[in-house]
>>> print(open('coords07.pdb').read())   # PDB, C-alpha atoms, pLDDT in the B column
ATOM      1  CA  MET A 121     -28.600   7.320 -14.018  1.00 69.00           C
ATOM      2  CA  LEU A 122     -25.258   8.899 -14.930  1.00 67.00           C
ATOM      3  CA  VAL A 123     -23.395   6.322 -12.868  1.00 67.00           C
ATOM      4  CA  ASN A 124     -25.110   3.516 -14.768  1.00 69.00           C
ATOM      5  CA  ARG A 125     -24.592   5.260 -18.080  1.00 71.00           C
ATOM      6  CA  TYR A 126     -20.851   5.824 -17.674  1.00 64.00           C
ATOM      7  CA  PHE A 127     -19.798   2.999 -15.350  1.00 67.00           C
ATOM      8  CA  GLY A 128     -22.515   0.357 -15.662  1.00 69.00           C
ATOM      9  CA  SER A 129     -23.188   0.298 -11.919  1.00 70.00           C
ATOM     10  CA  LYS A 130     -22.010   1.626  -8.574  1.00 76.00           C
ATOM     11  CA  GLU A 131     -19.588  -1.292  -8.478  1.00 77.00           C
ATOM     12  CA  GLY A 132     -18.224  -0.192 -11.853  1.00 76.00           C
ATOM     13  CA  LEU A 133     -17.695   3.311 -10.525  1.00 75.00           C
ATOM     14  CA  PHE A 134     -15.983   1.918  -7.425  1.00 74.00           C
ATOM     15  CA  ALA A 135     -13.733  -0.249  -9.621  1.00 78.00           C
ATOM     16  CA  GLU A 136     -12.696   2.850 -11.590  1.00 78.00           C
ATOM     17  CA  VAL A 137     -11.897   4.701  -8.360  1.00 76.00           C
ATOM     18  CA  VAL A 138      -9.821   1.745  -7.150  1.00 75.00           C
ATOM     19  CA  GLU A 139      -7.973   1.565 -10.471  1.00 78.00           C
ATOM     20  CA  ALA A 140      -7.179   5.272 -10.394  1.00 77.00           C
ATOM     21  CA  SER A 141      -6.032   5.294  -6.768  1.00 76.00           C
ATOM     22  CA  MET A 142      -3.956   2.101  -6.997  1.00 75.00           C
ATOM     23  CA  ALA A 143      -2.169   3.216 -10.160  1.00 73.00           C
ATOM     24  CA  ASP A 144      -0.393   6.002  -8.243  1.00 74.00           C
ATOM     25  CA  ARG A 145       2.818   4.998  -6.487  1.00 77.00           C
ATOM     26  CA  THR A 146       2.456   5.906  -2.826  1.00 78.00           C
ATOM     27  CA  VAL A 147       5.287   4.004  -1.140  1.00 84.00           C
ATOM     28  CA  LEU A 148       6.726   1.615  -3.740  1.00 87.00           C
ATOM     29  CA  THR A 149       9.548   3.094  -5.765  1.00 85.00           C
ATOM     30  CA  ASP A 150      11.151   1.950  -9.020  1.00 86.00           C
ATOM     31  CA  ASP A 151      14.693   0.995  -8.035  1.00 90.00           C
ATOM     32  CA  PRO A 152      15.115  -2.700  -7.132  1.00 90.00           C
ATOM     33  CA  ALA A 153      18.550  -2.052  -5.631  1.00 92.00           C
ATOM     34  CA  THR A 154      17.191   0.309  -2.967  1.00 94.00           C
ATOM     35  CA  LEU A 155      13.627  -0.988  -2.690  1.00 94.00           C
ATOM     36  CA  ALA A 156      13.657  -1.935   1.018  1.00 95.00           C
ATOM     37  CA  ARG A 157      15.229   1.367   2.034  1.00 96.00           C
ATOM     38  CA  ASP A 158      13.030   3.464  -0.250  1.00 95.00           C
ATOM     39  CA  VAL A 159       9.784   1.802   0.830  1.00 95.00           C
ATOM     40  CA  ALA A 160      10.701   2.190   4.501  1.00 97.00           C
ATOM     41  CA  ALA A 161      11.611   5.856   4.088  1.00 96.00           C
ATOM     42  CA  ALA A 162       8.500   6.652   2.025  1.00 93.00           C
ATOM     43  CA  LEU A 163       6.238   4.857   4.487  1.00 93.00           C
ATOM     44  CA  VAL A 164       7.651   6.725   7.480  1.00 95.00           C
ATOM     45  CA  ARG A 165       7.487  10.050   5.610  1.00 92.00           C
ATOM     46  CA  ARG A 166       3.957   9.473   4.273  1.00 89.00           C
ATOM     47  CA  THR A 167       2.593   8.445   7.699  1.00 90.00           C
ATOM     48  CA  ALA A 168       4.158  11.302   9.651  1.00 88.00           C
ATOM     49  CA  PRO A 169       1.633  13.224  11.785  1.00 82.00           C
ATOM     50  CA  HIS A 170       1.282  16.147   9.365  1.00 81.00           C
ATOM     51  CA  ALA A 171       1.719  14.241   6.092  1.00 79.00           C
ATOM     52  CA  GLU A 172      -0.859  14.241   3.344  1.00 76.00           C
ATOM     53  CA  GLY A 173      -3.308  11.340   3.655  1.00 68.00           C
ATOM     54  CA  LEU A 174      -2.802   8.193   1.592  1.00 60.00           C
ATOM     55  CA  ASP A 175      -6.041   7.847  -0.360  1.00 66.00           C
ATOM     56  CA  PRO A 176      -5.601   4.193  -1.408  1.00 71.00           C
ATOM     57  CA  PHE A 177      -5.244   3.195   2.228  1.00 73.00           C
ATOM     58  CA  LEU A 178      -8.325   5.149   3.272  1.00 73.00           C
ATOM     59  CA  LEU A 179     -10.256   3.573   0.428  1.00 72.00           C
ATOM     60  CA  MET A 180      -9.117   0.142   1.559  1.00 76.00           C
ATOM     61  CA  LEU A 181      -9.963   0.790   5.200  1.00 74.00           C
ATOM     62  CA  ARG A 182     -13.432   2.174   4.575  1.00 76.00           C
ATOM     63  CA  SER A 183     -14.503  -0.283   1.886  1.00 80.00           C
ATOM     64  CA  ALA A 184     -12.982  -3.626   2.849  1.00 77.00           C
ATOM     65  CA  PRO A 185     -15.839  -4.752   5.129  1.00 81.00           C
ATOM     66  CA  ASN A 186     -18.102  -5.052   2.077  1.00 82.00           C
ATOM     67  CA  PRO A 187     -17.335  -8.417   0.383  1.00 87.00           C
ATOM     68  CA  ARG A 188     -17.904  -7.098  -3.155  1.00 88.00           C
ATOM     69  CA  ALA A 189     -15.781  -4.026  -2.468  1.00 84.00           C
ATOM     70  CA  ALA A 190     -13.067  -6.220  -0.940  1.00 86.00           C
ATOM     71  CA  LYS A 191     -12.975  -8.295  -4.128  1.00 89.00           C
ATOM     72  CA  ILE A 192     -12.537  -5.151  -6.241  1.00 87.00           C
ATOM     73  CA  LEU A 193      -9.870  -3.829  -3.856  1.00 86.00           C
ATOM     74  CA  ARG A 194      -8.020  -7.153  -3.915  1.00 88.00           C
ATOM     75  CA  ALA A 195      -7.946  -7.076  -7.724  1.00 89.00           C
ATOM     76  CA  GLY A 196      -6.677  -3.480  -7.712  1.00 87.00           C
ATOM     77  CA  ILE A 197      -3.952  -4.282  -5.196  1.00 87.00           C
ATOM     78  CA  GLU A 198      -2.902  -7.420  -7.063  1.00 90.00           C
ATOM     79  CA  ASN A 199      -2.977  -5.761 -10.492  1.00 88.00           C
ATOM     80  CA  HIS A 200      -1.125  -2.605  -9.520  1.00 87.00           C
ATOM     81  CA  VAL A 201       0.739  -2.680  -6.220  1.00 89.00           C
ATOM     82  CA  GLU A 202       1.631  -6.371  -5.955  1.00 92.00           C
ATOM     83  CA  ALA A 203       2.395  -6.624  -9.682  1.00 92.00           C
ATOM     84  CA  HIS A 204       4.766  -3.637  -9.417  1.00 91.00           C
ATOM     85  CA  LEU A 205       6.448  -5.160  -6.368  1.00 93.00           C
ATOM     86  CA  LEU A 206       6.896  -8.476  -8.193  1.00 94.00           C
ATOM     87  CA  ASP A 207       8.371  -6.677 -11.211  1.00 92.00           C
ATOM     88  CA  LEU A 208      10.923  -5.043  -8.923  1.00 92.00           C
ATOM     89  CA  ALA A 209      11.573  -8.145  -6.817  1.00 92.00           C
ATOM     90  CA  PRO A 210      10.893 -11.190  -9.020  1.00 92.00           C
ATOM     91  CA  GLU A 211      12.366 -13.461  -6.347  1.00 90.00           C
ATOM     92  CA  LEU A 212       9.122 -12.934  -4.409  1.00 91.00           C
ATOM     93  CA  ARG A 213       7.041 -14.488  -7.193  1.00 90.00           C
ATOM     94  CA  GLY A 214       5.452 -17.765  -6.128  1.00 86.00           C
ATOM     95  CA  THR A 215       5.909 -16.984  -2.435  1.00 88.00           C
ATOM     96  CA  ASP A 216       3.752 -15.353   0.182  1.00 92.00           C
ATOM     97  CA  ARG A 217       6.401 -12.720   0.902  1.00 92.00           C
ATOM     98  CA  ALA A 218       5.015 -10.046  -1.445  1.00 92.00           C
ATOM     99  CA  ALA A 219       1.725 -10.215   0.443  1.00 92.00           C
ATOM    100  CA  MET A 220       3.654 -10.019   3.714  1.00 94.00           C
ATOM    101  CA  VAL A 221       5.483  -6.882   2.527  1.00 95.00           C
ATOM    102  CA  LEU A 222       2.163  -5.271   1.622  1.00 92.00           C
ATOM    103  CA  SER A 223       0.683  -6.371   4.959  1.00 94.00           C
ATOM    104  CA  VAL A 224       3.514  -4.693   6.848  1.00 96.00           C
ATOM    105  CA  VAL A 225       2.966  -1.522   4.814  1.00 93.00           C
ATOM    106  CA  ALA A 226      -0.787  -1.542   5.499  1.00 90.00           C
ATOM    107  CA  GLY A 227      -0.367  -2.455   9.163  1.00 93.00           C
ATOM    108  CA  PHE A 228       2.226   0.235   9.801  1.00 95.00           C
ATOM    109  CA  TRP A 229       0.031   2.816   8.063  1.00 90.00           C
ATOM    110  CA  LEU A 230      -3.000   1.734  10.119  1.00 89.00           C
ATOM    111  CA  MET A 231      -1.162   1.771  13.448  1.00 92.00           C
ATOM    112  CA  ARG A 232       0.568   5.089  12.827  1.00 92.00           C
ATOM    113  CA  THR A 233      -2.186   7.132  11.162  1.00 87.00           C
ATOM    114  CA  VAL A 234      -5.526   5.659  12.175  1.00 86.00           C
ATOM    115  CA  ILE A 235      -4.844   4.096  15.571  1.00 89.00           C
ATOM    116  CA  GLY A 236      -2.216   6.681  16.457  1.00 90.00           C
ATOM    117  CA  SER A 237       0.167   4.308  18.194  1.00 93.00           C
ATOM    118  CA  THR A 238       2.016   6.383  20.771  1.00 93.00           C
ATOM    119  CA  ALA A 239       5.107   4.200  20.345  1.00 94.00           C
ATOM    120  CA  LEU A 240       5.208   4.834  16.586  1.00 94.00           C
ATOM    121  CA  ASP A 241       4.287   8.514  16.860  1.00 89.00           C
ATOM    122  CA  GLY A 242       6.922   9.106  19.519  1.00 90.00           C
ATOM    123  CA  ALA A 243       9.689   7.133  17.840  1.00 93.00           C
ATOM    124  CA  ASP A 244      12.585   8.706  16.020  1.00 95.00           C
ATOM    125  CA  GLU A 245      11.774   8.634  12.291  1.00 94.00           C
ATOM    126  CA  ARG A 246      15.279   7.492  11.313  1.00 96.00           C
ATOM    127  CA  THR A 247      14.991   4.590  13.736  1.00 96.00           C
ATOM    128  CA  LEU A 248      11.562   3.666  12.369  1.00 96.00           C
ATOM    129  CA  ALA A 249      12.862   3.792   8.806  1.00 97.00           C
ATOM    130  CA  ARG A 250      15.921   1.681   9.669  1.00 97.00           C
ATOM    131  CA  THR A 251      13.824  -0.951  11.440  1.00 97.00           C
ATOM    132  CA  LEU A 252      11.326  -1.113   8.583  1.00 97.00           C
ATOM    133  CA  GLU A 253      14.162  -1.321   6.062  1.00 97.00           C
ATOM    134  CA  GLN A 254      15.603  -4.330   7.896  1.00 97.00           C
ATOM    135  CA  LEU A 255      12.197  -5.997   7.963  1.00 96.00           C
ATOM    136  CA  PHE A 256      11.565  -5.329   4.267  1.00 96.00           C
ATOM    137  CA  ALA A 257      15.074  -6.508   3.364  1.00 95.00           C
ATOM    138  CA  LEU A 258      14.431  -9.753   5.221  1.00 94.00           C
ATOM    139  CA  LEU A 259      11.089 -10.287   3.458  1.00 94.00           C
ATOM    140  CA  MET A 260      12.507  -9.370   0.034  1.00 91.00           C
ATOM    141  CA  ARG A 261      15.754 -11.298   0.128  1.00 86.00           C
ATOM    142  CA  PRO A 262      16.171 -14.099  -2.409  1.00 77.00           C
ATOM    143  CA  GLY A 263      15.632 -17.641  -1.296  1.00 67.00           C
TER     144      GLY A 263
END
>>> encode(input="coords07.pdb", output="structure tokens")
Amino acid sequence: MLVNRYFGSKEGLFAEVVEASMADRTVLTDDPATLARDVAAALVRRTAPHAEGLDPFLLMLRSAPNPRAAKILRAGIENHVEAHLLDLAPELRGTDRAAMVLSVVAGFWLMRTVIGSTALDGADERTLARTLEQLFALLMRPG
């Protein structure tokens, strides 16, 4: 009854959780000039074997199979993460590249922390960060 009273429904509660978790900056920074480098470095650091878990990613992974939850997650990602990325890199607006950047982030996180890719776990972190930076720079470049 409390859930219905304060959030209207379980979906309303889930939407509030998504809003709260997506509002925190986990890998996107605020400097457009160093965005590719900063995102790459943060992603490698935040997915290291002993790093603190990334709650928004766990929320996404566990809830996405439910179509209603996926719709709420999509809105949270678009309203917070993608919107912030587009503010920092307006040249991505109207393209599919912002979604590609976020897909690389999510895929790298999944492969390194959930799947436990031996290649990613065993790789030198500076090399991983450099490779990711090059990929992000390519996806974020104007044109």
>>> atom_distance(input="coords07.pdb", atom1="atom CA of Trp229 of chain A", atom2="atom CA of Thr167 of chain A")
6.2 Å
>>> closest_residue(input="coords07.pdb", among="A:Leu163, A:Leu181, A:Pro152, A:Ala143", to="Val234 of chain A", atoms="all atoms listed in the file")
A:Leu181
>>> residues_around(input="coords07.pdb", residues="segment 169-173 of chain A", least_positions_apart="6", cutoff="12 Å", atoms="only C-alpha atoms", output="PyMOL selection string")
chain A and resi 146+162-163+179+229-238+240-243+245
>>> residues_around(input="coords07.pdb", residues="Phe134 of chain A", least_positions_apart="3", cutoff="8 Å", atoms="all atoms listed in the file", output="CSV table (one decimal) with C-alpha atoms, in the frame of the given file")
chain,number,residue,atom,x,y,z
A,130,LYS,CA,-22.0,1.6,-8.6
A,131,GLU,CA,-19.6,-1.3,-8.5
A,137,VAL,CA,-11.9,4.7,-8.4
A,138,VAL,CA,-9.8,1.7,-7.2
A,189,ALA,CA,-15.8,-4.0,-2.5
A,192,ILE,CA,-12.5,-5.2,-6.2
>>> atom_distance(input="coords07.pdb", atom1="atom CA of Ser141 of chain A", atom2="atom CA of Arg166 of chain A")
15.5 Å
>>> residues_near_point(input="coords07.pdb", point="(7.1, 3.8, -3.6)", cutoff="8 Å", atoms="all atoms listed in the file", output="list in words")
Arg145, Thr146, Val147, Leu148, Thr149, Asp150, Asp158, Val159 and Ala162 of chain A
>>> write_last_selection(input="coords07.pdb", atoms="C-alpha atoms", output="PDB file, keeping the file's coordinate frame")
ATOM      1  CA  ARG A 145       2.818   4.998  -6.487  1.00 77.00           C
ATOM      2  CA  THR A 146       2.456   5.906  -2.826  1.00 78.00           C
ATOM      3  CA  VAL A 147       5.287   4.004  -1.140  1.00 84.00           C
ATOM      4  CA  LEU A 148       6.726   1.615  -3.740  1.00 87.00           C
ATOM      5  CA  THR A 149       9.548   3.094  -5.765  1.00 85.00           C
ATOM      6  CA  ASP A 150      11.151   1.950  -9.020  1.00 86.00           C
ATOM      7  CA  ASP A 158      13.030   3.464  -0.250  1.00 95.00           C
ATOM      8  CA  VAL A 159       9.784   1.802   0.830  1.00 95.00           C
ATOM      9  CA  ALA A 162       8.500   6.652   2.025  1.00 93.00           C
TER      10      ALA A 162
END
>>> residues_around(input="coords07.pdb", residues="Leu222 of chain A", least_positions_apart="4", cutoff="9 Å", atoms="all atoms listed in the file", output="mmCIF file with C-alpha atoms, keeping the file's coordinate frame")
data_model
loop_
_atom_site.group_PDB
_atom_site.id
_atom_site.type_symbol
_atom_site.label_atom_id
_atom_site.label_comp_id
_atom_site.auth_asym_id
_atom_site.auth_seq_id
_atom_site.Cartn_x
_atom_site.Cartn_y
_atom_site.Cartn_z
ATOM 1 C CA VAL A 201 0.739 -2.680 -6.220
ATOM 2 C CA GLU A 202 1.631 -6.371 -5.955
ATOM 3 C CA ARG A 217 6.401 -12.720 0.902
ATOM 4 C CA ALA A 218 5.015 -10.046 -1.445
ATOM 5 C CA ALA A 226 -0.787 -1.542 5.499
ATOM 6 C CA GLY A 227 -0.367 -2.455 9.163
#
>>> resolve_selection(input="coords07.pdb", expression="the PyMOL selection byres ((chain A and resi 203) around 12)", output="PDB file with C-alpha atoms, in the coordinates of the input")
ATOM      1  CA  MET A 142      -3.956   2.101  -6.997  1.00 75.00           C
ATOM      2  CA  ALA A 143      -2.169   3.216 -10.160  1.00 73.00           C
ATOM      3  CA  LEU A 148       6.726   1.615  -3.740  1.00 87.00           C
ATOM      4  CA  ARG A 194      -8.020  -7.153  -3.915  1.00 88.00           C
ATOM      5  CA  ALA A 195      -7.946  -7.076  -7.724  1.00 89.00           C
ATOM      6  CA  GLY A 196      -6.677  -3.480  -7.712  1.00 87.00           C
ATOM      7  CA  ILE A 197      -3.952  -4.282  -5.196  1.00 87.00           C
ATOM      8  CA  GLU A 198      -2.902  -7.420  -7.063  1.00 90.00           C
ATOM      9  CA  ASN A 199      -2.977  -5.761 -10.492  1.00 88.00           C
ATOM     10  CA  HIS A 200      -1.125  -2.605  -9.520  1.00 87.00           C
ATOM     11  CA  VAL A 201       0.739  -2.680  -6.220  1.00 89.00           C
ATOM     12  CA  GLU A 202       1.631  -6.371  -5.955  1.00 92.00           C
ATOM     13  CA  HIS A 204       4.766  -3.637  -9.417  1.00 91.00           C
ATOM     14  CA  LEU A 205       6.448  -5.160  -6.368  1.00 93.00           C
ATOM     15  CA  LEU A 206       6.896  -8.476  -8.193  1.00 94.00           C
ATOM     16  CA  ASP A 207       8.371  -6.677 -11.211  1.00 92.00           C
ATOM     17  CA  LEU A 208      10.923  -5.043  -8.923  1.00 92.00           C
ATOM     18  CA  ALA A 209      11.573  -8.145  -6.817  1.00 92.00           C
ATOM     19  CA  PRO A 210      10.893 -11.190  -9.020  1.00 92.00           C
ATOM     20  CA  LEU A 212       9.122 -12.934  -4.409  1.00 91.00           C
ATOM     21  CA  ARG A 213       7.041 -14.488  -7.193  1.00 90.00           C
ATOM     22  CA  ALA A 218       5.015 -10.046  -1.445  1.00 92.00           C
ATOM     23  CA  ALA A 219       1.725 -10.215   0.443  1.00 92.00           C
ATOM     24  CA  LEU A 222       2.163  -5.271   1.622  1.00 92.00           C
TER      25      LEU A 222
END
>>> residues_around(input="coords07.pdb", residues="Leu252 of chain A", least_positions_apart="5", cutoff="9 Å", atoms="only C-alpha atoms", output="PyMOL selection string")
chain A and resi 156-157+159-161+163-164+224+247+257
>>> axis_aligned_box(input="coords07.pdb", around="segment 212-226 of chain A", padding_each_side="8 Å", output="lines of an AutoDock Vina configuration file")
center_x = 4.2
center_y = -9.6
center_z = -0.2
size_x = 25.9
size_y = 32.2
size_z = 30.0
>>> atom_distance(input="coords07.pdb", atom1="atom CA of Phe177 of chain A", atom2="atom CA of Val225 of chain A")
9.8 Å
>>> closest_residue(input="coords07.pdb", among="A:Arg250, A:Arg261, A:Arg165, A:Arg125", to="Val221 of chain A", atoms="all atoms listed in the file")
A:Arg261
>>> closest_residue(input="coords07.pdb", among="A:Glu253, A:Arg188, A:Ala239, A:Pro262", to="Leu155 of chain A", atoms="all atoms listed in the file")
A:Glu253
>>> build_atoms(input="coords07.pdb", residues="segment 127-148 of chain A", atoms="N, CA and C atoms", output="PDB file, keeping the file's coordinate frame")
ATOM      1  N   PHE A 127     -20.562   4.037 -16.031  1.00 67.00           N
ATOM      2  CA  PHE A 127     -19.798   2.999 -15.350  1.00 67.00           C
ATOM      3  C   PHE A 127     -20.517   1.664 -15.270  1.00 67.00           C
ATOM      4  N   GLY A 128     -21.758   1.604 -15.684  1.00 69.00           N
ATOM      5  CA  GLY A 128     -22.515   0.357 -15.662  1.00 69.00           C
ATOM      6  C   GLY A 128     -23.211   0.083 -14.350  1.00 69.00           C
ATOM      7  N   SER A 129     -22.618   0.524 -13.249  1.00 70.00           N
ATOM      8  CA  SER A 129     -23.188   0.298 -11.919  1.00 70.00           C
ATOM      9  C   SER A 129     -22.346   1.045 -10.896  1.00 70.00           C
ATOM     10  N   LYS A 130     -22.807   1.032  -9.651  1.00 76.00           N
ATOM     11  CA  LYS A 130     -22.010   1.626  -8.574  1.00 76.00           C
ATOM     12  C   LYS A 130     -20.715   0.838  -8.389  1.00 76.00           C
ATOM     13  N   GLU A 131     -20.797  -0.475  -8.575  1.00 77.00           N
ATOM     14  CA  GLU A 131     -19.588  -1.292  -8.478  1.00 77.00           C
ATOM     15  C   GLU A 131     -18.594  -0.914  -9.569  1.00 77.00           C
ATOM     16  N   GLY A 132     -19.095  -0.622 -10.761  1.00 76.00           N
ATOM     17  CA  GLY A 132     -18.224  -0.192 -11.853  1.00 76.00           C
ATOM     18  C   GLY A 132     -17.538   1.120 -11.534  1.00 76.00           C
ATOM     19  N   LEU A 133     -18.276   2.039 -10.943  1.00 75.00           N
ATOM     20  CA  LEU A 133     -17.695   3.311 -10.525  1.00 75.00           C
ATOM     21  C   LEU A 133     -16.630   3.079  -9.459  1.00 75.00           C
ATOM     22  N   PHE A 134     -16.943   2.221  -8.478  1.00 74.00           N
ATOM     23  CA  PHE A 134     -15.983   1.918  -7.425  1.00 74.00           C
ATOM     24  C   PHE A 134     -14.725   1.283  -8.023  1.00 74.00           C
ATOM     25  N   ALA A 135     -14.889   0.389  -8.977  1.00 78.00           N
ATOM     26  CA  ALA A 135     -13.733  -0.249  -9.621  1.00 78.00           C
ATOM     27  C   ALA A 135     -12.859   0.789 -10.316  1.00 78.00           C
ATOM     28  N   GLU A 136     -13.464   1.773 -10.943  1.00 78.00           N
ATOM     29  CA  GLU A 136     -12.696   2.850 -11.590  1.00 78.00           C
ATOM     30  C   GLU A 136     -11.928   3.677 -10.558  1.00 78.00           C
ATOM     31  N   VAL A 137     -12.562   3.955  -9.433  1.00 76.00           N
ATOM     32  CA  VAL A 137     -11.897   4.701  -8.360  1.00 76.00           C
ATOM     33  C   VAL A 137     -10.705   3.904  -7.832  1.00 76.00           C
ATOM     34  N   VAL A 138     -10.907   2.607  -7.626  1.00 75.00           N
ATOM     35  CA  VAL A 138      -9.821   1.745  -7.150  1.00 75.00           C
ATOM     36  C   VAL A 138      -8.681   1.744  -8.163  1.00 75.00           C
ATOM     37  N   GLU A 139      -9.002   1.568  -9.429  1.00 78.00           N
ATOM     38  CA  GLU A 139      -7.973   1.565 -10.471  1.00 78.00           C
ATOM     39  C   GLU A 139      -7.167   2.865 -10.449  1.00 78.00           C
ATOM     40  N   ALA A 140      -7.860   3.971 -10.379  1.00 77.00           N
ATOM     41  CA  ALA A 140      -7.179   5.272 -10.394  1.00 77.00           C
ATOM     42  C   ALA A 140      -6.306   5.457  -9.156  1.00 77.00           C
ATOM     43  N   SER A 141      -6.797   5.072  -7.994  1.00 76.00           N
ATOM     44  CA  SER A 141      -6.032   5.294  -6.768  1.00 76.00           C
ATOM     45  C   SER A 141      -4.873   4.317  -6.632  1.00 76.00           C
ATOM     46  N   MET A 142      -5.024   3.096  -7.122  1.00 75.00           N
ATOM     47  CA  MET A 142      -3.956   2.101  -6.997  1.00 75.00           C
ATOM     48  C   MET A 142      -2.868   2.297  -8.043  1.00 75.00           C
ATOM     49  N   ALA A 143      -3.163   2.995  -9.108  1.00 73.00           N
ATOM     50  CA  ALA A 143      -2.169   3.216 -10.160  1.00 73.00           C
ATOM     51  C   ALA A 143      -1.071   4.175  -9.700  1.00 73.00           C
ATOM     52  N   ASP A 144      -1.400   5.072  -8.778  1.00 74.00           N
ATOM     53  CA  ASP A 144      -0.393   6.002  -8.243  1.00 74.00           C
ATOM     54  C   ASP A 144       0.551   5.257  -7.317  1.00 74.00           C
ATOM     55  N   ARG A 145       1.827   5.582  -7.389  1.00 77.00           N
ATOM     56  CA  ARG A 145       2.818   4.998  -6.487  1.00 77.00           C
ATOM     57  C   ARG A 145       2.830   5.818  -5.201  1.00 77.00           C
ATOM     58  N   THR A 146       2.465   5.188  -4.091  1.00 78.00           N
ATOM     59  CA  THR A 146       2.456   5.906  -2.826  1.00 78.00           C
ATOM     60  C   THR A 146       3.690   5.606  -1.986  1.00 78.00           C
ATOM     61  N   VAL A 147       4.092   4.344  -1.917  1.00 84.00           N
ATOM     62  CA  VAL A 147       5.287   4.004  -1.140  1.00 84.00           C
ATOM     63  C   VAL A 147       6.258   3.130  -1.924  1.00 84.00           C
ATOM     64  N   LEU A 148       5.813   2.429  -2.938  1.00 87.00           N
ATOM     65  CA  LEU A 148       6.726   1.615  -3.740  1.00 87.00           C
ATOM     66  C   LEU A 148       7.451   2.506  -4.736  1.00 87.00           C
TER      67      LEU A 148
END
